[in-house]
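A.B. asks: One file is attached below, query-v1.cif, containing mmCIF, C-alpha atoms and all ligand atoms.
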```cif
data_structure
#
loop_
_atom_site.label_atom_id
_atom_site.label_comp_id
_atom_site.auth_asym_id
_atom_site.auth_seq_id
_atom_site.Cartn_x
_atom_site.Cartn_y
_atom_site.Cartn_z
CA MET A 399 -0.82 -15.66 -17.40
CA LYS A 400 2.55 -15.98 -15.72
CA THR A 401 4.64 -13.69 -17.92
CA ARG A 402 6.60 -11.40 -15.70
CA LYS A 403 5.81 -7.72 -16.05
CA SER A 404 8.06 -5.11 -14.50
CA ILE A 405 6.73 -2.63 -11.97
CA PHE A 406 7.24 0.01 -14.67
CA ASP A 407 4.98 -1.94 -17.07
CA ILE A 408 2.35 -2.30 -14.35
CA ALA A 409 2.33 1.43 -13.63
CA ASN A 410 2.11 2.19 -17.33
CA MET A 411 -0.80 -0.17 -17.81
CA LEU A 412 -2.63 1.70 -15.04
CA LEU A 413 -1.80 5.06 -16.59
CA ARG A 414 -3.49 3.99 -19.81
CA ARG A 415 -6.77 3.22 -17.98
CA ASN A 416 -9.60 4.92 -16.15
CA ASN A 417 -12.71 4.00 -14.13
CA PHE A 418 -11.08 1.65 -11.66
CA TYR A 419 -12.65 -0.71 -9.17
CA ILE A 420 -10.23 -1.88 -6.50
CA LEU A 421 -11.22 -5.07 -4.67
CA THR A 422 -9.94 -6.09 -1.24
CA HIS A 423 -10.21 -9.50 0.36
CA LYS A 424 -13.04 -10.40 2.73
CA SER A 425 -12.45 -9.96 6.50
CA PRO A 426 -10.23 -7.05 5.48
CA ASP A 427 -6.91 -6.53 7.27
CA GLY A 428 -4.51 -3.60 7.34
CA ASP A 429 -2.59 -4.68 4.27
CA THR A 430 -5.54 -5.08 1.92
CA ILE A 431 -7.12 -1.83 3.19
CA GLY A 432 -3.83 0.10 3.11
CA SER A 433 -3.07 -1.18 -0.41
CA ALA A 434 -6.54 -0.36 -1.71
CA PHE A 435 -6.65 3.16 -0.32
CA ALA A 436 -3.03 4.07 -1.13
CA LEU A 437 -3.75 3.14 -4.74
CA PHE A 438 -7.14 4.85 -4.56
CA TYR A 439 -5.61 8.16 -3.43
CA ALA A 440 -2.81 7.88 -6.00
CA LEU A 441 -5.13 7.19 -8.94
CA LYS A 442 -7.42 10.02 -7.79
CA LYS A 443 -4.42 12.33 -7.90
CA LYS A 444 -4.02 11.28 -11.51
CA GLY A 445 -7.58 12.46 -12.13
CA ARG A 446 -9.02 8.97 -12.43
CA LYS A 447 -12.36 7.68 -11.23
CA VAL A 448 -11.80 5.04 -8.55
CA ARG A 449 -13.84 3.06 -6.09
CA VAL A 450 -12.85 0.52 -3.46
CA PHE A 451 -15.06 -2.50 -2.78
CA CYS A 452 -14.98 -4.95 0.10
CA GLU A 453 -17.33 -7.80 0.93
CA ASP A 454 -17.32 -6.98 4.65
CA PRO A 455 -17.51 -3.73 6.59
CA PHE A 456 -14.16 -2.09 7.34
CA PRO A 457 -13.26 -2.51 11.03
CA GLU A 458 -13.51 0.74 12.95
CA LYS A 459 -9.81 0.98 13.71
CA TYR A 460 -9.05 1.49 10.01
CA GLU A 461 -11.49 4.36 9.57
CA PHE A 462 -8.62 6.77 10.03
CA PHE A 463 -7.14 5.66 6.69
CA ILE A 464 -10.32 5.53 4.68
CA ASN A 465 -11.96 8.41 2.90
CA LEU A 466 -15.41 7.03 2.29
CA LEU A 467 -16.73 10.36 1.07
CA ASN A 468 -14.61 9.99 -2.01
CA ASN A 469 -15.70 6.43 -2.48
CA GLU A 470 -19.30 7.00 -3.49
CA GLU A 471 -19.11 8.02 -7.10
CA ASN A 472 -21.26 5.91 -9.41
CA PHE A 473 -19.69 4.56 -12.57
CA GLU A 474 -19.15 1.30 -14.40
CA PRO A 475 -15.67 -0.21 -14.04
CA HIS A 476 -13.34 -0.33 -17.03
CA TYR A 477 -10.48 -1.82 -15.08
CA ILE A 478 -10.69 -4.07 -12.02
CA ILE A 479 -7.75 -4.53 -9.67
CA SER A 480 -7.50 -6.83 -6.66
CA VAL A 481 -5.01 -6.15 -3.88
CA ASP A 482 -3.64 -8.69 -1.37
CA VAL A 483 -6.10 -11.30 -2.69
CA ALA A 484 -4.52 -14.74 -3.23
CA ASP A 485 -7.60 -16.48 -4.64
CA THR A 486 -10.99 -15.30 -5.90
CA ILE A 487 -12.72 -17.20 -3.09
CA LEU A 488 -11.13 -14.68 -0.71
CA LEU A 489 -13.09 -11.87 -2.34
CA GLY A 490 -16.13 -13.15 -0.50
CA GLU A 491 -19.29 -14.63 -1.93
CA ASN A 492 -20.84 -11.55 -3.54
CA LEU A 493 -17.72 -9.99 -4.99
CA GLU A 494 -16.56 -13.37 -6.23
CA LYS A 495 -19.83 -13.97 -8.01
CA LYS A 496 -19.64 -10.57 -9.69
CA TYR A 497 -15.96 -10.34 -10.55
CA GLU A 498 -14.45 -13.83 -10.43
CA ARG A 499 -13.46 -13.85 -14.12
CA LYS A 500 -13.27 -10.11 -14.55
CA VAL A 501 -10.26 -9.07 -12.52
CA ASP A 502 -7.85 -7.33 -14.88
CA MET A 503 -4.94 -6.97 -12.51
CA CYS A 504 -4.02 -8.85 -9.36
CA ILE A 505 -1.39 -7.28 -7.10
CA ASP A 506 -0.32 -9.55 -4.27
CA HIS A 507 2.51 -10.99 -2.19
CA HIS A 508 1.11 -14.45 -1.31
CA ALA A 509 3.24 -17.28 -2.71
CA SER A 510 0.01 -19.31 -2.84
CA ASN A 511 -1.56 -16.83 -5.30
CA LYS A 512 -3.72 -18.49 -7.94
CA TYR A 513 -2.90 -16.12 -10.83
CA PHE A 514 -6.60 -15.60 -11.50
CA ALA A 515 -6.42 -12.19 -13.18
CA LYS A 516 -5.49 -11.19 -16.72
CA VAL A 517 -2.31 -9.59 -15.38
CA ASN A 518 -0.81 -10.88 -12.15
CA TYR A 519 1.93 -9.04 -10.32
CA ILE A 520 2.91 -11.35 -7.48
CA GLU A 521 5.97 -10.63 -5.36
CA PRO A 522 6.30 -13.17 -2.51
CA SER A 523 9.43 -11.49 -1.18
CA ALA A 524 7.40 -8.39 -0.28
CA ALA A 525 6.45 -8.39 3.40
CA ALA A 526 3.18 -6.65 2.57
CA THR A 527 1.23 -5.87 -0.58
CA THR A 528 1.60 -2.19 0.35
CA GLU A 529 5.36 -2.55 -0.35
CA ILE A 530 4.49 -3.39 -3.95
CA ILE A 531 1.91 -0.60 -4.07
CA TYR A 532 4.61 1.83 -2.94
CA ASP A 533 6.77 0.86 -5.92
CA ILE A 534 3.84 1.13 -8.30
CA ILE A 535 2.83 4.56 -7.03
CA LYS A 536 6.39 5.79 -7.42
CA ASN A 537 6.22 4.70 -11.05
CA LEU A 538 2.89 6.46 -11.50
CA LYS A 539 4.85 9.63 -10.82
CA VAL A 540 2.46 10.69 -8.11
CA ARG A 541 3.69 12.75 -5.20
CA ILE A 542 3.22 10.53 -2.15
CA ASP A 543 1.40 12.64 0.42
CA ARG A 544 0.73 11.88 4.05
CA SER A 545 -2.48 9.89 3.48
CA ILE A 546 -0.79 7.63 0.94
CA ALA A 547 2.33 7.25 3.12
CA GLU A 548 0.20 6.37 6.15
CA CYS A 549 -1.76 3.72 4.23
CA ILE A 550 1.48 2.13 3.08
CA TYR A 551 3.09 2.30 6.50
CA MET A 552 -0.05 0.85 8.11
CA GLY A 553 -0.11 -2.10 5.67
CA ILE A 554 3.53 -2.82 6.42
CA THR A 555 3.26 -2.67 10.22
CA THR A 556 0.13 -4.81 10.35
CA ASP A 557 1.40 -7.53 7.98
CA THR A 558 4.75 -7.71 9.75
CA GLY A 559 3.33 -7.66 13.28
CA SER A 560 5.11 -4.36 13.84
CA PHE A 561 8.33 -5.42 12.08
CA ARG A 562 8.61 -8.64 14.07
CA HIS A 563 7.76 -11.36 11.53
CA THR A 564 10.30 -13.20 9.39
CA ASN A 565 8.90 -11.60 6.25
CA VAL A 566 10.60 -8.29 7.14
CA THR A 567 13.49 -7.36 4.88
CA ALA A 568 15.85 -4.42 4.64
CA LYS A 569 13.62 -3.14 1.86
CA THR A 570 10.61 -3.25 4.20
CA HIS A 571 12.46 -0.92 6.57
CA ARG A 572 13.61 1.31 3.73
CA ILE A 573 10.04 1.79 2.49
CA ALA A 574 8.77 2.35 6.04
CA ALA A 575 11.51 4.94 6.59
CA LYS A 576 10.53 6.65 3.35
CA CYS A 577 6.91 6.76 4.54
CA ILE A 578 8.01 8.43 7.77
CA GLU A 579 9.99 10.99 5.77
CA LEU A 580 6.83 11.62 3.76
CA GLY A 581 4.87 12.40 6.89
CA ALA A 582 3.50 9.08 8.18
CA ARG A 583 2.81 9.37 11.90
CA HIS A 584 4.26 6.00 12.84
CA ASN A 585 3.63 6.24 16.57
CA LEU A 586 -0.02 7.17 16.06
CA ILE A 587 -0.45 4.30 13.60
CA SER A 588 1.24 1.76 15.87
CA ARG A 589 -0.88 2.81 18.80
CA LYS A 590 -4.08 2.53 16.75
CA MET A 591 -3.08 -0.81 15.24
CA PHE A 592 -1.51 -2.57 18.20
CA ASP A 593 -2.23 -0.94 21.56
CA ILE A 594 -5.81 0.23 21.54
CA LYS A 595 -8.48 -2.44 21.82
CA SER A 596 -12.18 -2.18 22.49
CA THR A 597 -13.40 -3.30 25.92
CA SER A 598 -15.29 -6.14 24.28
CA ARG A 599 -12.15 -7.29 22.49
CA ILE A 600 -10.20 -7.35 25.77
CA LYS A 601 -12.99 -9.38 27.35
CA LEU A 602 -12.93 -11.78 24.42
CA GLU A 603 -9.16 -12.21 24.75
CA CYS A 604 -9.64 -13.15 28.42
CA VAL A 605 -12.24 -15.80 27.59
CA VAL A 606 -10.12 -17.16 24.74
CA MET A 607 -6.99 -17.35 26.93
CA GLU A 608 -8.93 -19.09 29.70
CA ASN A 609 -9.95 -21.84 27.30
CA ILE A 610 -6.67 -22.41 25.49
CA GLU A 611 -5.53 -26.04 25.29
CA LEU A 612 -1.92 -27.17 25.14
CA TYR A 613 -0.60 -30.28 23.39
CA TYR A 614 2.66 -32.00 22.56
CA LYS A 615 4.62 -31.00 25.66
CA ASP A 616 3.07 -27.54 25.49
CA LYS A 617 4.55 -26.85 22.07
CA CYS A 618 1.15 -26.55 20.43
CA ALA A 619 -1.63 -24.26 21.62
CA ILE A 620 -5.20 -24.45 20.40
CA ALA A 621 -7.55 -21.53 20.98
CA PHE A 622 -11.27 -21.50 20.26
CA ILE A 623 -13.51 -18.61 19.38
CA SER A 624 -17.15 -19.59 19.34
CA LYS A 625 -20.11 -17.49 18.30
CA ASP A 626 -21.23 -17.73 21.93
CA MET A 627 -17.99 -16.10 23.09
CA LEU A 628 -18.52 -13.22 20.68
CA GLU A 629 -22.06 -12.75 21.90
CA GLN A 630 -21.17 -13.10 25.56
CA THR A 631 -18.47 -10.42 25.30
CA GLY A 632 -20.33 -8.23 22.81
CA THR A 633 -17.52 -8.51 20.25
CA ARG A 634 -18.28 -8.01 16.59
CA GLU A 635 -16.72 -10.36 14.06
CA GLU A 636 -14.66 -7.55 12.51
CA GLU A 637 -13.06 -6.80 15.90
CA THR A 638 -11.40 -10.20 16.08
CA GLY A 639 -8.56 -9.52 13.63
CA GLY A 640 -5.09 -10.52 14.75
CA ILE A 641 -6.35 -12.56 17.68
CA ALA A 642 -4.65 -15.66 16.26
CA SER A 643 -1.24 -14.26 17.20
CA MET A 644 -2.12 -14.63 20.91
CA THR A 645 -1.35 -18.34 20.76
CA ARG A 646 2.27 -17.68 19.84
CA GLN A 647 2.79 -15.40 22.83
CA ILE A 648 2.83 -18.37 25.17
CA GLU A 649 6.36 -19.37 26.08
CA GLY A 650 7.42 -22.63 24.45
CA VAL A 651 4.55 -22.74 21.96
CA LEU A 652 5.90 -23.39 18.46
CA VAL A 653 2.61 -23.67 16.61
CA GLY A 654 -0.57 -21.87 17.58
CA VAL A 655 -3.93 -22.84 16.14
CA THR A 656 -7.00 -20.67 16.46
CA ILE A 657 -10.30 -22.33 15.58
CA ARG A 658 -13.04 -19.85 14.92
CA GLU A 659 -16.68 -20.81 14.53
CA ARG A 660 -18.31 -19.48 11.37
CA GLU A 661 -21.78 -19.89 9.90
CA ASN A 662 -23.29 -23.24 8.82
CA GLY A 663 -21.02 -25.54 10.81
CA GLU A 664 -17.91 -24.08 9.21
CA TYR A 665 -14.73 -23.37 11.12
CA LYS A 666 -11.90 -21.08 10.14
CA LEU A 667 -8.47 -22.19 11.32
CA SER A 668 -5.55 -19.78 11.65
CA LEU A 669 -2.12 -21.26 12.21
CA ARG A 670 0.88 -19.31 13.47
CA SER A 671 4.44 -20.56 13.87
CA GLY A 672 8.02 -19.56 14.54
CA HIS A 673 10.24 -19.15 11.53
CA GLU A 674 11.53 -22.71 11.24
CA ILE A 675 8.09 -24.38 10.99
CA ASP A 676 6.07 -24.05 7.80
CA VAL A 677 2.34 -24.02 8.52
CA GLN A 678 1.43 -23.04 4.97
CA ASN A 679 2.02 -26.66 3.86
CA ILE A 680 -0.29 -27.90 6.58
CA CYS A 681 -3.08 -25.49 5.62
CA ALA A 682 -2.62 -26.34 1.95
CA LYS A 683 -3.58 -29.94 2.75
CA PHE A 684 -6.98 -28.61 3.77
CA GLY A 685 -7.36 -26.31 0.79
CA GLY A 686 -6.03 -23.20 2.53
CA GLY A 687 -2.87 -21.17 2.34
CA GLY A 688 -1.14 -17.95 3.28
CA HIS A 689 2.45 -17.50 4.38
CA PRO A 690 4.94 -20.01 5.89
CA ASN A 691 4.43 -18.63 9.42
CA ALA A 692 0.84 -17.46 9.16
CA SER A 693 -1.73 -19.45 7.24
CA GLY A 694 -5.36 -20.39 7.37
CA CYS A 695 -7.91 -22.86 6.10
CA THR A 696 -11.59 -23.67 6.49
CA MET A 697 -12.94 -26.98 7.75
CA THR A 698 -16.35 -28.46 8.40
CA GLY A 699 -17.34 -31.11 10.92
CA SER A 700 -17.55 -31.29 14.66
CA ILE A 701 -15.06 -29.32 16.69
CA LYS A 702 -13.63 -32.62 17.96
CA GLU A 703 -13.05 -33.96 14.44
CA ILE A 704 -11.42 -30.73 13.34
CA LYS A 705 -9.16 -30.68 16.37
CA ASN A 706 -8.08 -34.26 15.74
CA LYS A 707 -7.36 -33.60 12.08
CA ILE A 708 -5.14 -30.65 12.79
CA LEU A 709 -3.44 -32.29 15.78
CA LYS A 710 -2.54 -35.22 13.56
CA GLU A 711 -0.67 -32.87 11.23
CA LEU A 712 1.20 -31.44 14.21
CA GLU A 713 2.17 -34.75 15.79
CA PHE A 714 5.81 -34.14 14.88
CA LEU A 715 5.93 -31.46 17.60
CA GLU A 716 5.92 -34.15 20.30
CA ASN A 717 9.59 -34.95 19.62
CA TYR A 718 10.59 -31.69 18.08
CA ASP A 719 13.26 -29.55 19.62
CA SER A 720 13.37 -25.99 18.54
CA ARG A 721 16.82 -24.57 17.97
CA PHE A 722 15.47 -21.08 18.47
MN MN B 1 -0.90 -9.04 2.98
#
```
Starting from the coordinates I provided, produce the structure as structure tokens.
Ligand SMILES: [Mn+2]
C.D. replies:
Amino acid sequence: MKTRKSIFDIANMLLRRNNFYILTHKSPDGDTIGSAFALFYALKKKGRKVRVFCEDPFPEKYEFFINLLNNEENFEPHYIISVDVADTILLGENLEKKYERKVDMCIDHHASNKYFAKVNYIEPSAAATTEIIYDIIKNLKVRIDRSIAECIYMGITTDTGSFRHTNVTAKTHRIAAKCIELGARHNLISRKMFDIKSTSRIKLECVVMENIELYYKDKCAIAFISKDMLEQTGTREEETGGIASMTRQIEGVLVGVTIRERENGEYKLSLRSGHEIDVQNICAKFGGGGHPNASGCTMTGSIKEIKNKILKELEFLENYDSRF
């Protein structure tokens, strides 16, 4: 249903309910985790029963924000909320099977959102879903403590690449500032999210960089991450988050493509671009989506076929001059 509810309505709907399940997307990132746990802590403060569910294990670096001890209560859900999930397929196979048609409320900021829930609160102008969660929690009349503020701040910094992406607005900074006033340790969070990497991750980055290919007068970079590379460097799948942004660090590269090998001959593509080039449209052609400057899709076939398909969509780069 596309009728527009206000943030006040959304908060009030939550206040009338209990026994919540909050669902994140698979391969969880900072925004989906931060959104889920900020809301989890807030609803707990309201005396509600809440649990967070994710298809995949939470990467270690987010453990700081997650209180798993409080996440073990057994109860049947009366109200199911998804956060930062654009499409039920992104819940992952098991969660999708269980909850595909049962999500009561979807809170998200992806323009590509499929409006799959009974109530959908989609705000594409929000840089992160945690921005929306901040507004909801304020309307729940919950005092935002340090753990909530840190979850929100973490979601914002990760989804904005530390306030560097084009999705950042003045409101993003205002909410982040508010979180700092409420006790969020921004320097600690930034260090955990952006500076510290496991040795295996650093090794993986080296191998990936070594094998990067450049096309269209070096304006397009393609990186590969094979299962072999993960094994060789001892990197776990959940440690590979954010690696796609490496392609855009190369001077002159306007579009970066990261092709990651998955199970059963499937490949996950992550596209990154500067603000003038929309890669969401390109990914949509292959059934994917995301944001204009950061999108993804899944393809099957040989690596050569996949490369050719995506390169064909990026042919325009050959004669493209960036004004920026
Ligand atoms: Mn997000």
A.B. asks: Each side padded by 4 Å, which centre and which edge lengths in Å (one decimal) define the axis-aligned box around the listed atoms of stretch 645-654 of chain A? Give them as lines of an AutoDock Vina configuration file.
C.D. replies:
```
center_x = 3.0
center_y = -19.5
center_z = 21.3
size_x = 16.8
size_y = 16.3
size_z = 17.5
```
A.B. asks: Atom CA of A:Glu548 and atom CA of A:Lys444 are how many Å apart?
C.D. replies: 18.8 Å
A.B. asks: Which polymer residues have any atom within 9 Å of an atom of A:His508, counting all atoms listed in the file, with same-chain residues fewer than 4 positions away left out, as a short mmCIF file (atom, residue, chain, number, x, y, z; two decimals) with C-alpha atoms, keeping the file's coordinate frame?
C.D. replies:
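Output file part21.cif follows:
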```
data_model
loop_
_atom_site.label_atom_id
_atom_site.label_comp_id
_atom_site.auth_asym_id
_atom_site.auth_seq_id
_atom_site.Cartn_x
_atom_site.Cartn_y
_atom_site.Cartn_z
CA ASP A 482 -3.64 -8.69 -1.37
CA VAL A 483 -6.10 -11.30 -2.69
CA ALA A 484 -4.52 -14.74 -3.23
CA ILE A 520 2.91 -11.35 -7.48
CA GLU A 521 5.97 -10.63 -5.36
CA PRO A 522 6.30 -13.17 -2.51
CA SER A 523 9.43 -11.49 -1.18
CA ALA A 524 7.40 -8.39 -0.28
CA ALA A 526 3.18 -6.65 2.57
CA THR A 527 1.23 -5.87 -0.58
CA GLY A 687 -2.87 -21.17 2.34
CA GLY A 688 -1.14 -17.95 3.28
CA HIS A 689 2.45 -17.50 4.38
#
```
A.B. asks: So which residues touch stretch 456-467 of chain A within 9 Å, counting all atoms listed in the file, skipping near sequence neighbours fewer than 6 positions away, as a count of residues only?
C.D. replies: 21
A.B. asks: So, with all atoms listed in the file as the atoms that count, which of A:Asp533, A:Asp557, A:Glu471, A:Asp502 lies closest to ligand MN 1 (chain B)?
C.D. replies: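 Ranking A:Asp533, A:Asp557, A:Glu471, A:Asp502 by distance to ligand MN 1 (chain B), first place goes to A:Asp557.
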A.B. asks: Which residues come within 12 Å of A:Pro475, counting only C-alpha atoms, excluding same-chain residues fewer than 5 positions away, as a ChimeraX atom specification?
C.D. replies: /A:415-421,446-451,496-497,500-502
A.B. asks: Restricting it to C-alpha atoms, dump the selection as a short mmCIF file (atom, residue, chain, number, x, y, z; two decimals), in the frame of the given file.
C.D. replies:
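So again_27.cif came out as:
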```cif
data_model
loop_
_atom_site.label_atom_id
_atom_site.label_comp_id
_atom_site.auth_asym_id
_atom_site.auth_seq_id
_atom_site.Cartn_x
_atom_site.Cartn_y
_atom_site.Cartn_z
CA ARG A 415 -6.77 3.22 -17.98
CA ASN A 416 -9.60 4.92 -16.15
CA ASN A 417 -12.71 4.00 -14.13
CA PHE A 418 -11.08 1.65 -11.66
CA TYR A 419 -12.65 -0.71 -9.17
CA ILE A 420 -10.23 -1.88 -6.50
CA LEU A 421 -11.22 -5.07 -4.67
CA ARG A 446 -9.02 8.97 -12.43
CA LYS A 447 -12.36 7.68 -11.23
CA VAL A 448 -11.80 5.04 -8.55
CA ARG A 449 -13.84 3.06 -6.09
CA VAL A 450 -12.85 0.52 -3.46
CA PHE A 451 -15.06 -2.50 -2.78
CA LYS A 496 -19.64 -10.57 -9.69
CA TYR A 497 -15.96 -10.34 -10.55
CA LYS A 500 -13.27 -10.11 -14.55
CA VAL A 501 -10.26 -9.07 -12.52
CA ASP A 502 -7.85 -7.33 -14.88
#
```
A.B. asks: Quick check, in Å to one decimal: how far apart do atom CA of A:Glu603 and atom CA of A:Thr698 lie?
C.D. replies: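 Those two atoms sit 24.1 Å apart.
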A.B. asks: Of the candidates A:Gly654, A:Gly445, A:Asn565, A:Glu664, which shows the shortest atom-to-atom distance to A:Ser700, using only C-alpha atoms?
C.D. replies: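 Looking at the shortest contact to A:Ser700, the residue is A:Glu664.
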A.B. asks: Rounded to one decimal, what separation in Å do you get between atom CA of A:Phe592 and atom CA of A:Ile657?
C.D. replies: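 According to the coordinates, atom CA of A:Phe592 and atom CA of A:Ile657 are separated by 21.8 Å.
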A.B. asks: Which residue, A:Met627, A:Val677, A:Arg646, A:Asp429, has the smallest gap to A:Thr556 when you use only C-alpha atoms?
C.D. replies: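 Among the listed residues, the smallest separation from A:Thr556 belongs to A:Asp429.
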A.B. asks: Please provide as an mmCIF file with C-alpha atoms, in the frame of the given file all residues within 9 Å of A:Lys516, with the sequence filter that same-chain residues fewer than 2 positions apart are discarded (counting all atoms listed in the file).
C.D. replies:
```
data_model
loop_
_atom_site.group_PDB
_atom_site.id
_atom_site.type_symbol
_atom_site.label_atom_id
_atom_site.label_comp_id
_atom_site.auth_asym_id
_atom_site.auth_seq_id
_atom_site.Cartn_x
_atom_site.Cartn_y
_atom_site.Cartn_z
ATOM 1 C CA MET A 399 -0.820 -15.660 -17.400
ATOM 2 C CA ARG A 499 -13.460 -13.850 -14.120
ATOM 3 C CA LYS A 500 -13.270 -10.110 -14.550
ATOM 4 C CA VAL A 501 -10.260 -9.070 -12.520
ATOM 5 C CA ASP A 502 -7.850 -7.330 -14.880
ATOM 6 C CA MET A 503 -4.940 -6.970 -12.510
ATOM 7 C CA CYS A 504 -4.020 -8.850 -9.360
ATOM 8 C CA TYR A 513 -2.900 -16.120 -10.830
ATOM 9 C CA PHE A 514 -6.600 -15.600 -11.500
ATOM 10 C CA ASN A 518 -0.810 -10.880 -12.150
#
```
A.B. asks: Using only C-alpha atoms, which of A:Ile648, A:Ile530, A:Leu437, A:Leu612 sits nearest A:Ile573?
C.D. replies: A:Ile530
A.B. asks: Using all atoms listed in the file - which residues lie no farther than 6 Å from the point (-9.7, -26.1, 14.3) in the file's frame? Write them as a PyMOL selection string.
C.D. replies: chain A and resi 657+667+704-705
A.B. asks: From the list A:Ser598, A:Asn511, A:Ser588, A:Asn706, which residue is nearest ligand MN 1 (chain B) when using all atoms listed in the file?
C.D. replies: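 Smallest distance to ligand MN 1 (chain B) is found for A:Asn511.
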A.B. asks: Mind checking which residues fall within 12 Å of A:Lys625, counting only C-alpha atoms, ignoring those fewer than 5 positions away in the same chain, and posting them as a CSV table (one decimal) with C-alpha atoms, keeping the file's coordinate frame?
C.D. replies:
```csv
chain,number,residue,atom,x,y,z
A,602,LEU,CA,-12.9,-11.8,24.4
A,606,VAL,CA,-10.1,-17.2,24.7
A,630,GLN,CA,-21.2,-13.1,25.6
A,631,THR,CA,-18.5,-10.4,25.3
A,632,GLY,CA,-20.3,-8.2,22.8
A,633,THR,CA,-17.5,-8.5,20.2
A,634,ARG,CA,-18.3,-8.0,16.6
A,635,GLU,CA,-16.7,-10.4,14.1
A,638,THR,CA,-11.4,-10.2,16.1
A,657,ILE,CA,-10.3,-22.3,15.6
A,658,ARG,CA,-13.0,-19.8,14.9
A,659,GLU,CA,-16.7,-20.8,14.5
A,660,ARG,CA,-18.3,-19.5,11.4
A,661,GLU,CA,-21.8,-19.9,9.9
A,662,ASN,CA,-23.3,-23.2,8.8
A,663,GLY,CA,-21.0,-25.5,10.8
A,664,GLU,CA,-17.9,-24.1,9.2
A,665,TYR,CA,-14.7,-23.4,11.1
```
A.B. asks: Using all atoms listed in the file, which residue out of A:Gly553, A:Gly640, A:Gly581, A:Gly650 lies closest to ligand MN 1 (chain B)?
C.D. replies: A:Gly553
